[in-house]
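Here's data.txt, which has compact mmCIF, C-alpha atoms:
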# COMPACT_ATOMS: atom_id res chain seq x y z
CA MET H 1 97.14 38.80 47.19
CA ALA H 2 93.39 38.89 47.68
CA LEU H 3 90.95 37.76 45.02
CA LYS H 4 87.54 39.12 44.17
CA PRO H 5 85.03 36.36 45.03
CA GLU H 6 83.04 36.59 41.80
CA PRO H 7 82.12 33.20 40.28
CA THR H 8 81.78 32.91 36.52
CA ALA H 9 79.53 30.84 34.27
CA PRO H 10 82.31 28.30 33.56
CA PHE H 11 82.83 28.03 37.32
CA HIS H 12 79.22 26.93 37.81
CA SER H 13 79.53 24.42 34.94
CA VAL H 14 82.62 22.95 36.58
CA GLN H 15 80.83 22.60 39.91
CA TYR H 16 78.12 20.60 38.15
CA ALA H 17 80.72 18.51 36.30
CA LEU H 18 82.53 17.68 39.54
CA ARG H 19 79.23 16.59 41.07
CA VAL H 20 78.59 14.30 38.10
CA LEU H 21 82.12 12.84 38.21
CA GLU H 22 81.85 12.17 41.95
CA THR H 23 78.59 10.31 41.37
CA ILE H 24 80.03 8.20 38.54
CA ALA H 25 83.15 7.41 40.60
CA ARG H 26 81.01 6.00 43.39
CA HIS H 27 79.55 3.41 40.99
CA THR H 28 82.55 1.32 39.93
CA GLY H 29 80.38 -0.89 37.72
CA GLY H 30 78.86 2.04 35.83
CA VAL H 31 75.77 4.16 36.40
CA THR H 32 72.92 5.27 34.13
CA ASP H 33 72.07 8.88 33.34
CA VAL H 34 68.75 8.39 35.14
CA GLN H 35 70.59 7.43 38.33
CA ILE H 36 73.09 10.28 37.89
CA ALA H 37 70.22 12.74 37.57
CA ARG H 38 68.57 11.30 40.67
CA GLU H 39 71.73 11.52 42.79
CA THR H 40 72.94 14.92 41.58
CA GLY H 41 69.59 16.63 41.24
CA LEU H 42 70.57 17.96 37.81
CA PRO H 43 67.76 18.18 35.21
CA SER H 44 68.32 16.39 31.92
CA ALA H 45 68.62 19.75 30.11
CA HIS H 46 71.86 20.32 32.06
CA LEU H 47 72.99 16.73 32.47
CA THR H 48 72.84 15.64 28.81
CA PRO H 49 75.25 18.30 27.43
CA MET H 50 77.41 17.86 30.53
CA LEU H 51 77.82 14.13 29.86
CA LEU H 52 78.57 14.84 26.19
CA MET H 53 81.34 17.26 27.21
CA LEU H 54 82.78 14.80 29.75
CA ARG H 55 82.78 12.02 27.15
CA ARG H 56 84.45 14.27 24.55
CA GLU H 57 87.17 15.22 27.05
CA GLY H 58 87.71 11.57 28.01
CA TYR H 59 86.66 12.00 31.63
CA VAL H 60 83.85 9.47 31.33
CA LEU H 61 82.99 6.67 28.92
CA GLN H 62 79.88 4.67 28.11
CA VAL H 63 79.99 0.96 28.80
CA SER H 64 78.05 -1.75 27.01
CA ASP H 65 74.67 -1.20 28.67
CA GLY H 66 74.76 2.57 28.14
CA ALA H 67 75.88 3.28 31.68
CA TYR H 68 78.69 5.73 32.40
CA ALA H 69 82.06 4.96 33.99
CA ILE H 70 85.25 6.92 34.73
CA GLY H 71 87.39 7.52 31.61
CA ASP H 72 91.11 7.38 30.91
CA SER H 73 91.71 11.15 31.12
CA LEU H 74 90.49 11.28 34.68
CA VAL H 75 92.62 8.27 35.60
CA LEU H 76 95.73 9.90 34.09
CA LEU H 77 95.16 13.19 35.91
CA GLY H 78 95.11 11.27 39.17
CA SER H 79 98.23 9.23 38.43
CA GLY H 80 100.73 10.84 40.79
CA MET H 81 104.12 11.60 39.20
CA ASP H 82 102.68 11.65 35.66
CA ARG H 83 99.94 14.12 36.57
CA GLN H 84 101.73 17.33 35.49
CA GLN H 85 102.60 15.98 32.05
CA ALA H 86 99.12 14.50 31.68
CA LEU H 87 97.61 17.88 32.57
CA GLN H 88 99.78 19.76 30.07
CA ASP H 89 98.94 17.26 27.35
CA LYS H 90 95.24 17.46 28.15
CA LEU H 91 95.24 21.27 28.15
CA GLN H 92 97.15 21.37 24.85
CA GLU H 93 94.70 18.96 23.24
CA THR H 94 91.79 21.13 24.38
CA LEU H 95 93.52 24.34 23.24
CA ASP H 96 94.23 22.89 19.79
CA ARG H 97 90.59 21.92 19.40
CA LEU H 98 89.46 25.33 20.66
CA ARG H 99 91.81 27.14 18.24
CA ASP H 100 90.22 25.33 15.30
CA SER H 101 86.73 25.90 16.67
CA VAL H 102 86.97 29.69 17.13
CA GLY H 103 89.40 30.30 14.26
CA ALA H 104 91.94 32.19 16.34
CA ALA H 105 95.12 31.68 18.34
CA VAL H 106 94.22 30.80 21.95
CA TYR H 107 96.16 31.11 25.18
CA ILE H 108 96.08 30.11 28.84
CA SER H 109 97.49 32.78 31.13
CA ARG H 110 98.12 32.68 34.87
CA TYR H 111 98.99 35.36 37.41
CA VAL H 112 101.98 33.81 39.17
CA ASP H 113 104.11 35.51 41.84
CA GLY H 114 102.76 38.90 40.84
CA GLU H 115 103.42 38.48 37.13
CA VAL H 116 101.37 37.84 33.99
CA ARG H 117 102.51 34.58 32.39
CA ILE H 118 101.32 32.85 29.21
CA THR H 119 101.62 29.21 30.24
CA GLN H 120 100.31 27.49 27.08
CA PHE H 121 99.00 28.49 23.69
CA ALA H 122 97.83 27.05 20.38
CA ASP H 123 98.38 28.80 17.08
CA SER H 124 98.81 27.84 13.42
CA PRO H 125 99.82 29.46 10.13
CA ARG H 126 96.17 30.43 9.60
CA THR H 127 95.72 31.63 13.20
CA PRO H 128 99.04 33.29 14.16
CA LYS H 129 99.71 34.26 17.77
CA VAL H 130 100.05 37.92 18.66
CA HIS H 131 103.49 39.45 18.19
CA GLU H 132 104.76 40.18 21.73
CA TRP H 133 106.32 43.53 20.86
CA VAL H 134 106.09 44.62 24.52
CA ASP H 135 106.62 42.07 27.30
CA PHE H 136 103.16 40.86 28.43
CA ARG H 137 104.32 41.26 32.03
CA SER H 138 104.58 45.02 31.45
CA ALA H 139 101.37 45.39 29.47
CA ALA H 140 98.62 44.13 31.79
CA HIS H 141 96.86 47.52 31.59
CA ALA H 142 96.52 47.19 27.80
CA SER H 143 96.08 43.53 26.88
CA ALA H 144 92.87 41.53 27.21
CA VAL H 145 94.86 38.88 29.10
CA GLY H 146 96.28 41.39 31.56
CA LYS H 147 93.03 43.23 32.16
CA CYS H 148 91.17 39.96 32.67
CA LEU H 149 93.72 38.91 35.31
CA LEU H 150 93.62 42.33 36.98
CA THR H 151 89.82 42.15 37.29
CA GLN H 152 90.33 39.12 39.53
CA LEU H 153 92.59 41.01 41.96
CA ASP H 154 91.44 43.41 44.66
CA GLN H 155 92.41 47.09 44.59
CA ASN H 156 95.61 46.53 46.59
CA GLY H 157 96.67 43.71 44.28
CA ARG H 158 96.14 45.90 41.23
CA ARG H 159 98.02 48.85 42.74
CA ASP H 160 100.88 46.55 43.70
CA HIS H 161 101.08 45.29 40.14
CA LEU H 162 101.02 48.78 38.61
CA SER H 163 103.61 50.04 41.09
CA ARG H 164 106.01 47.50 39.56
CA HIS H 165 104.80 47.86 35.95
CA LYS H 166 104.05 51.49 35.19
CA ILE H 167 101.20 52.29 32.84
CA ALA H 168 102.57 53.22 29.41
CA ARG H 169 100.87 54.29 26.18
CA LEU H 170 101.36 51.43 23.71
CA THR H 171 98.88 52.62 21.06
CA SER H 172 96.53 55.56 20.69
CA LYS H 173 93.79 53.42 22.27
CA THR H 174 95.68 52.41 25.44
CA ILE H 175 94.14 53.56 28.74
CA THR H 176 96.88 55.40 30.63
CA ASN H 177 94.86 56.80 33.55
CA GLU H 178 94.80 54.46 36.57
CA ARG H 179 91.44 55.76 37.82
CA ILE H 180 89.78 55.19 34.45
CA LEU H 181 91.42 51.76 34.14
CA PHE H 182 90.20 50.66 37.59
CA SER H 183 86.72 51.97 36.85
CA LYS H 184 86.65 49.93 33.64
CA LEU H 185 87.85 46.82 35.47
CA ASP H 186 85.25 47.25 38.24
CA SER H 187 82.41 47.66 35.75
CA GLN H 188 83.37 44.54 33.78
CA PRO H 189 80.70 41.81 34.28
CA ALA H 190 82.31 38.51 35.31
CA THR H 191 80.45 36.60 32.60
CA VAL H 192 81.32 38.99 29.74
CA PRO H 193 84.63 38.54 27.85
CA MET H 194 87.24 41.27 28.32
CA LEU H 195 88.18 42.85 24.98
CA ASP H 196 91.33 44.52 23.68
CA LEU H 197 90.60 46.56 20.57
CA GLN H 198 94.13 47.47 19.45
CA GLU H 199 95.04 48.70 22.93
CA TYR H 200 98.13 46.46 23.12
CA ALA H 201 99.15 46.34 19.48
CA VAL H 202 97.98 48.09 16.32
CA GLY H 203 96.50 45.52 13.97
CA THR H 204 95.45 43.00 16.66
CA VAL H 205 92.24 42.47 18.63
CA CYS H 206 91.92 40.10 21.58
CA ALA H 207 89.43 38.73 24.10
CA ALA H 208 89.83 36.94 27.43
CA VAL H 209 87.61 35.18 29.98
CA PRO H 210 88.53 34.25 33.58
CA ILE H 211 89.29 30.65 34.54
CA THR H 212 89.97 31.01 38.25
CA ALA H 213 90.56 27.67 39.99
CA GLY H 214 90.76 27.94 43.77
CA SER H 215 93.31 30.61 44.71
CA ALA H 216 94.93 30.60 41.25
CA VAL H 217 94.11 33.55 39.00
CA GLY H 218 93.96 32.66 35.32
CA CYS H 219 92.29 33.35 32.02
CA LEU H 220 91.61 31.87 28.61
CA ALA H 221 92.21 34.25 25.70
CA LEU H 222 92.23 34.57 21.93
CA SER H 223 93.76 36.95 19.43
CA MET H 224 93.15 37.70 15.76
CA PRO H 225 94.23 40.25 13.16
CA VAL H 226 92.13 43.42 13.13
CA GLU H 227 90.75 42.55 9.69
CA HIS H 228 88.84 39.76 11.47
CA ALA H 229 87.49 42.10 14.15
CA HIS H 230 83.94 41.51 12.90
CA ARG H 231 84.28 37.94 14.27
CA LEU H 232 85.71 38.94 17.64
CA ARG H 233 82.55 39.09 19.74
CA ALA H 234 81.15 35.83 18.41
CA ALA H 235 84.53 34.14 18.91
CA ALA H 236 84.77 35.59 22.43
CA GLU H 237 81.33 34.26 23.35
CA ALA H 238 82.31 30.83 21.99
CA LEU H 239 85.50 31.03 24.06
CA ASN H 240 83.43 31.76 27.16
CA ARG H 241 81.08 28.85 26.51
CA LYS H 242 83.99 26.46 25.94
CA ALA H 243 86.07 27.51 28.98
CA ALA H 244 84.56 24.86 31.25
CA PRO H 245 86.68 21.89 30.00
CA LEU H 246 89.91 23.82 30.63
CA LEU H 247 88.79 24.98 34.05
CA LEU H 248 87.75 21.43 34.88
CA SER H 249 91.21 20.10 33.95
CA LEU H 250 92.83 22.72 36.19
CA THR H 251 90.45 21.93 39.04
CA LEU H 252 90.79 18.13 39.05
This structure in structure tokens:
Amino acid sequence: MALKPEPTAPFHSVQYALRVLETIARHTGGVTDVQIARETGLPSAHLTPMLLMLRREGYVLQVSDGAYAIGDSLVLLGSGMDRQQALQDKLQETLDRLRDSVGAAVYISRYVDGEVRITQFADSPRTPKVHEWVDFRSAAHASAVGKCLLTQLDQNGRRDHLSRHKIARLTSKTITNERILFSKLDSQPATVPMLDLQEYAVGTVCAAVPITAGSAVGCLALSMPVEHAHRLRAAAEALNRKAAPLLLSLTL
């Protein structure tokens, strides 16, 4: 399966974050933000919010003199046999916080062995998850999650997927023409959230943004009842801005 080499905004943020973490790790006794800026070349306008995000996620901490050192979350993610559980816990913590922030159910989805899989999600009574009335694996052409994953595949990868999961009309808004679907996927800007406006299910709207880490195709998504559709674009943009911590966890 070939991927489309199209970096996203969260991808660039993660590259900066990794550069900052590498710099802090080299200074076992702690390092000031001035020194971090000098060694990474990042201006304070980028570095200050980056350090705030890394502190919030537990990847760095501030020691007594205001210098920065490696935090517990980063240590746990590098702890061998416990890494997978630590990663799942970290992702769930971030998803729960993101759910409350955007006021919608949120999901992490991966494209694994040619199939769409929801690997983790966070919902609540006030932010219910979407009712999976058709298996997500068979609805990539209609759901925001599926379309976002398909945008990250090349033409052959998409055709292979649709040869195994035939396009079906799920609602009156579902795209059922492969040529039109591919044209829509190709015209989707990498930095703009993919939307599903009742294409998968009547009464539900969704949005998804890519979180590709290395060769793994993935996305971060949200769903909400159609009566909240007026909030969808703002929530989707917030989702896009807040994707970097999740992508960072998957990259480390």
>> Show me, as a PyMOL selection string, the residues that have an atom within 6 Å of range 166-179 of chain H when counting all atoms listed in the file, minus same-chain residues fewer than 4 positions from it.
In response: chain H and resi 142+162+199-200
> If we count only C-alpha atoms, what is near Thr204 in chain H at a cut-off of 6 Å, once residues fewer than 3 positions away on the same chain are taken out, given as a list in words?
Replying inline: Gln198, Ala201, Met224, Pro225 and Val226 of chain H
> Please, what distance in Å, to one decimal, runs between CA of Arg99 in chain H and CA of Ala122 in chain H?
Replying inline: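 Interatomic distance, CA of Arg99 in chain H to CA of Ala122 in chain H: 6.4 Å.
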>> Would you compute the distance between CA of Glu39 in chain H and CA of Leu250 in chain H? Give it in Å to one decimal.
In response: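 It comes out at 24.8 Å.
Take CA of Thr119 in chain H and CA of Leu220 in chain H: the distance between them is 10.5 Å.
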> Using only C-alpha atoms, what residues lie at most 12 Å away from (76.9, 1.4, 37.1) (file coordinates), given as a list in words?
Replying inline: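 Nearby residues: Thr23, Ile24, Ala25, Arg26, His27, Thr28, Gly29, Gly30, Val31, Thr32, Asp33, Val34, Gln35, Ile36, Leu61, Gln62, Val63, Ser64, Asp65, Gly66, Ala67, Tyr68, Ala69 and Ile70 of chain H.
Shortest atom-to-atom contact with Ala140 in chain H among H:Ala37, H:Glu115, H:Asp160, H:Arg126: H:Glu115, counting all atoms listed in the file.
Each of H:Ala144, H:Cys206, H:Leu52, H:Leu95 was compared to Leu246 in chain H using all atoms listed in the file, and H:Leu95 turns out to be the nearest.
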>> Between H:Ser223, H:Gln84, H:Thr48, H:Gln155, which residue has the minimum interatomic distance to Val130 in chain H, considering all atoms listed in the file?
In response: H:Ser223
>> Restricting the calculation to all atoms listed in the file: of H:His230, H:Arg97, H:His46, H:His161, which residue gets closest to Phe121 in chain H?
In response: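 Between H:His230, H:Arg97, H:His46, H:His161, the residue approaching Phe121 in chain H most closely is H:Arg97.
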> Contacts of Gln188 in chain H at 12 Å or less, counting all atoms listed in the file, minus same-chain residues fewer than 6 places along, as a PyMOL selection string?
Replying inline: chain H and resi 6+144+147-152+181-182+194-195+208-210
Would you mind exporting the chosen residues as an mmCIF file, in the frame of the given file, restricted to C-alpha atoms?
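Heads up, here's the output in result06.cif:
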data_model
loop_
_atom_site.group_PDB
_atom_site.id
_atom_site.type_symbol
_atom_site.label_atom_id
_atom_site.label_comp_id
_atom_site.auth_asym_id
_atom_site.auth_seq_id
_atom_site.Cartn_x
_atom_site.Cartn_y
_atom_site.Cartn_z
ATOM 1 C CA GLU H 6 83.040 36.590 41.800
ATOM 2 C CA ALA H 144 92.870 41.530 27.210
ATOM 3 C CA LYS H 147 93.030 43.230 32.160
ATOM 4 C CA CYS H 148 91.170 39.960 32.670
ATOM 5 C CA LEU H 149 93.720 38.910 35.310
ATOM 6 C CA LEU H 150 93.620 42.330 36.980
ATOM 7 C CA THR H 151 89.820 42.150 37.290
ATOM 8 C CA GLN H 152 90.330 39.120 39.530
ATOM 9 C CA LEU H 181 91.420 51.760 34.140
ATOM 10 C CA PHE H 182 90.200 50.660 37.590
ATOM 11 C CA MET H 194 87.240 41.270 28.320
ATOM 12 C CA LEU H 195 88.180 42.850 24.980
ATOM 13 C CA ALA H 208 89.830 36.940 27.430
ATOM 14 C CA VAL H 209 87.610 35.180 29.980
ATOM 15 C CA PRO H 210 88.530 34.250 33.580
#
The centre and edge lengths of an axis-aligned box containing all atoms of range 197-216 of chain H present in the file, extended by 4 Å on each side, are to be given in Å to one decimal, as lines of an AutoDock Vina configuration file.
center_x = 93.4
center_y = 38.2
center_z = 29.3
size_x = 19.5
size_y = 29.0
size_z = 38.7
> Which of these, H:Ala243, H:Val202, H:Leu185, H:Leu74, has the shortest distance to Trp133 in chain H once you count all atoms listed in the file?
Replying inline: H:Val202
> With distances taken over only C-alpha atoms, which of H:Ala45, H:Val14, H:Val217, H:Leu232 is nearest to Gly157 in chain H?
Replying inline: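 Closest candidate: H:Val217.
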What would range 219-233 of chain H look like with N, CA and C atoms in place, written as an mmCIF file, in the coordinates of the input?
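Just written: out_25.cif:
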data_model
loop_
_atom_site.group_PDB
_atom_site.id
_atom_site.type_symbol
_atom_site.label_atom_id
_atom_site.label_comp_id
_atom_site.auth_asym_id
_atom_site.auth_seq_id
_atom_site.Cartn_x
_atom_site.Cartn_y
_atom_site.Cartn_z
ATOM 1 N N CYS H 219 93.255 33.003 33.049
ATOM 2 C CA CYS H 219 92.290 33.350 32.020
ATOM 3 C C CYS H 219 92.565 32.574 30.750
ATOM 4 N N LEU H 220 91.553 32.485 29.929
ATOM 5 C CA LEU H 220 91.610 31.870 28.610
ATOM 6 C C LEU H 220 91.392 33.004 27.609
ATOM 7 N N ALA H 221 92.264 33.106 26.605
ATOM 8 C CA ALA H 221 92.210 34.250 25.700
ATOM 9 C C ALA H 221 92.361 33.837 24.249
ATOM 10 N N LEU H 222 92.023 34.758 23.360
ATOM 11 C CA LEU H 222 92.230 34.570 21.930
ATOM 12 C C LEU H 222 92.705 35.870 21.316
ATOM 13 N N SER H 223 93.364 35.763 20.166
ATOM 14 C CA SER H 223 93.760 36.950 19.430
ATOM 15 C C SER H 223 93.553 36.708 17.941
ATOM 16 N N MET H 224 93.320 37.787 17.206
ATOM 17 C CA MET H 224 93.150 37.700 15.760
ATOM 18 C C MET H 224 93.524 39.022 15.120
ATOM 19 N N PRO H 225 93.925 39.006 13.855
ATOM 20 C CA PRO H 225 94.230 40.250 13.160
ATOM 21 C C PRO H 225 93.001 41.164 13.101
ATOM 22 N N VAL H 226 93.232 42.463 13.074
ATOM 23 C CA VAL H 226 92.130 43.420 13.130
ATOM 24 C C VAL H 226 91.176 43.266 11.953
ATOM 25 N N GLU H 227 91.658 42.734 10.828
ATOM 26 C CA GLU H 227 90.750 42.550 9.690
ATOM 27 C C GLU H 227 89.673 41.500 9.970
ATOM 28 N N HIS H 228 89.862 40.723 11.046
ATOM 29 C CA HIS H 228 88.840 39.760 11.470
ATOM 30 C C HIS H 228 88.038 40.252 12.670
ATOM 31 N N ALA H 229 88.138 41.542 12.961
ATOM 32 C CA ALA H 229 87.490 42.100 14.150
ATOM 33 C C ALA H 229 85.976 41.868 14.151
ATOM 34 N N HIS H 230 85.388 41.742 12.970
ATOM 35 C CA HIS H 230 83.940 41.510 12.900
ATOM 36 C C HIS H 230 83.561 40.147 13.512
ATOM 37 N N ARG H 231 84.539 39.248 13.661
ATOM 38 C CA ARG H 231 84.280 37.940 14.270
ATOM 39 C C ARG H 231 84.598 37.900 15.762
ATOM 40 N N LEU H 232 85.150 38.986 16.282
ATOM 41 C CA LEU H 232 85.710 38.940 17.640
ATOM 42 C C LEU H 232 84.660 38.614 18.700
ATOM 43 N N ARG H 233 83.541 39.302 18.685
ATOM 44 C CA ARG H 233 82.550 39.090 19.740
ATOM 45 C C ARG H 233 81.962 37.685 19.703
#
